[in-house]
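Worksheet: the structure to be examined is printed underneath.
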Amino acid sequence: MNGNRVMTLVLTLACVCLLTIGFVAGIARPAESAKPAPRLTTDEQKFLDSIDGDYAWDLADRLSSLPYSYLGEVVPGSPEDLQTAGYVADEMRTLGLMDVTVESFNLVNWDYRSASLEILSPDVPSKDVRTRSMANSPSTPNGQSVEGNLAYVGMGRAQDYEQVPGGVEGKVVLIDRSVVMYYTTPAVREAAYRGAIAALIHNMWRDPAAINVDVAHNNIPTLSISGNDAMYLKDLLLHGDVRVRLAVDNRINENAQAHAVYGMIRGSEYPDEYVVLEGHMDHWWSGANDDNGGLAASLAVAKAILDTGITPKRTFVFMALSGHESGTGGTKDSHWDWGLGGYYFMNVLHPEWASKVVGSFISDGGGVAADWMFIETTPEIGGLLKRAAFDARVQDLMVPIVFTPVSSFDSWGFYMAGVPTSTAYYGALSGIVEEAYYHTDLSGMNLIHPEYLQKDASFRGLAAFRLAQASILPYELGETSKEVREAVYKLLDKVPEADLSALLMSLNGFETAAKKLQSYVDKLKNPTKPEITALNAQLLSVINAVNPVLWDQDVGVENPYPGWCSVSKFDTYTNDMPLLDAAVEALKSGDAGTALRNLEGVVTMGWGEHVSYQVWLDCVWLFNGTPYLNWATDHLPWVTNIHQEYSSIKAKMKIVGADYSAEVTSISAKLGLLYGKLGVTAMDVKLAFDEGTILLALA
């Protein structure tokens with residue numbers, strides 16, 4: 001799971017409350033619901049009764065207890081990666097899955113060797129400061145130790161560095177990992193820009209005794225320490241200088257092999273149409289809650305189908321992918337270095353599966369005690385998922401929330417391929433249990449509960465089972481065009497001058513064709529197997545055509561730093577264009593303060609306003625400029641560079657009667673460029689839906 005992934009659980013608790021109100025209107029707990037009791041077929045009830053939560057817990061425990069270093073850690077492309085792939089493959093064969101296959105794909109692998117941190121002064125009683133380097137951290141020279149005075153820099157913003165007496169050149173900085181600078185890259189690169197030799201990070205959102213590890217795209221050695229040790233160091237700094245010695249020894253292997261494992265239950269009627277259940281098998285530390293539980297729940301579904309003896313109409317594929325947590329395609333300098341398993345499998349190893357996979361159901365973090373089951377999905381299977389959540393009685397244990405879009409879980413790689421996909425993940429208010437231990441050395445099987453594993457398996461299994469047993473695929477194509485239409489209307493509400501009439505006409509044509517096809521399907525009497533096969537192939541081809549143009553990765557609309565969420569291809573325009581226009585109008589009237597507040601809302605400026613221009617350029621290159629964008633390829637919005645204008649306005653505010661005409665001209669030109677880019681985006685989406693309309697007419 002990616003700590004952003006998405007609506008990060010701790011960082012969006014306020015949003016969660018709104019989501020609960022907005023999305024759960026029809027999926028309330030039984031005592032609050034007027035809905036009828038779940039309706040299950042005999043086979044569905046038999047299947048659900050056979051799901052074994054204890055088996056899932058036992059498998060998750062075994063996966064979390066493999067005898068590897070760092071509490072059982074599995075880094076993509078490592079020897080442990082290959083060994084775990086073999087272990088999962090053996091488990092699949094033991095269950096009775098057919099055609100069990102292990103495949104590999106190339107990525108850049110991070111090989112952690114060692115890290116150490118020692119307090120040299122003041123002379124205090126010996127203290128063991130536990131530490132690990134952040135993933136992909138540079139090593140100290142030749143892995144040998146370096147020394148420096150410690151400087152506490154808060155969140156690591158430019159203004160924080162400027163408050164350090166004497167600056168940070170030659171020093172080791174201590175940074176509080178924050179919301180705005182969450183993945184540490186801007187904060188640490190700002191430290192490097194100012195001459196720091198290394199960085200210590202602690203994550204305020206984790207248990208204070210825990211060490212958190214994530215990927216860090218930093219250019220100086222970066223160590224993670226616990227909150228307790230960070231507090232100890234801060235206390236020492238209150239009484240004078242603190243000097244530390246540290247060493248980091250990492251290796252980067254640019255030709256490593258990560259793995260994908262899958263096994264099948266062959267379908268009896270439509271064996272070339274696949275229903276996929278997946279969980280990733282690589283993980284930080286033990287991986288109990290990310291994602292051994294989700295993988296184990298997937299195989300519990302396989303066990304239940306085989307135990308019942310029910311033969312599905314379509315082929316079930318049970319999949320475990322590596323490359324989720326770290327590693328990258330082509331270079332260590334790409335920001336988009338997680339979620340690679342789904343991307344490589346569907347878009348590089350098996351692009352032909354786009355015409356075979358009729359739905360994929362992924363779990364990330366399954367088994368934790370949760371108040372909410374968040375279910376991200378592509379639009380056409382949202383109704384299927386809502387009904388499955390209710391009929392699997394998810395509401396007895398937690399509140400299911402079904403919503404779009406999918407974000408940067410493994411499901412994104414399936415989305416890129418145009419495949420219907422969803423991911424279930426979990427959130428809890430009670431102690432924020434999952435988030436407090438996420439990617440830490442304190443994550444263990446004590447966080448995993450059989451009843452929650454069983455509910456994960458029941459929900460995803462029932463949705464997958466129904467898709468597998470349906471004759472004609474139950475896609476709701478109108479929901480797909482509705483997704484775009486709502487985003488367009490939102491844009492037009494903020495930017496009424498935009499001309500999107502051609503796109504709206506295209507959406508009208510698609511919806512008309514979809515209604516005609518649905519009417520045809522409703523009137524079908526006893527269709528033959530060849531007719532059903534041809535119709536389903538055409539339906540899937542429509543989804544293949546239109547789904548990949550729905551969303552981009554969010555680079556600052558809903559979350560400040562890229563990679564946590566995805567947004568409509570129009571949302572960045574909706575965000576930026578009114579802000580640029582308002583800034584121009586404010587400057588024309590001499591109101592520089594209002595102009596600055598508007599520019600601070602432009603994407604990338606949530607963190608960008610807090611770093612130097614050179615650091616902003618470095619960070620933007622990482623996520624938007626490198627040729628190795630991996631699964632962000634063709635799914636990144638246009639980034640408007642207004643950092644220099646922002647800095648210039650801020651400087652001129654100190655001058656009475658300052659002239660802002662240069663900034664007005666520059667920002668106006670960039671707003672004009674956005675109108676042009678919007679036209680290109682609208683045309684791309686229009687052409688995809690035109691293709692979908694043609695395919696619907698042929699169905």
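Quick note on naming: the chains in the structure tokens go A, B, ... in the order shown, residues restart at 1 in each chain, and ligands are numbered from 1 in order of appearance.
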
Tell me which protein, DNA and RNA residues are within 7 Å of Ile472 in chain A, counting only C-alpha atoms, leaving out same-chain ones fewer than 2 positions away, and put them as an MDAnalysis selection string.
chainID A and resid 470 474 532 536

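In terms of minimum interatomic distance to Ala320 in chain A, A:His259 ranks closest within A:His335, A:Lys650, A:Lys677, A:His259, counting only C-alpha atoms.
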
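The two atoms in question, CA of Val248 in chain A and CA of Ala115 in chain A, are spaced 4.4 Å apart.
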
Please provide the set of residues having any atom within 7 Å of range 40-47 of chain A, restricted to only C-alpha atoms, with same-chain residues fewer than 6 positions apart removed, written as a ChimeraX atom specification.
/A:304-305,308
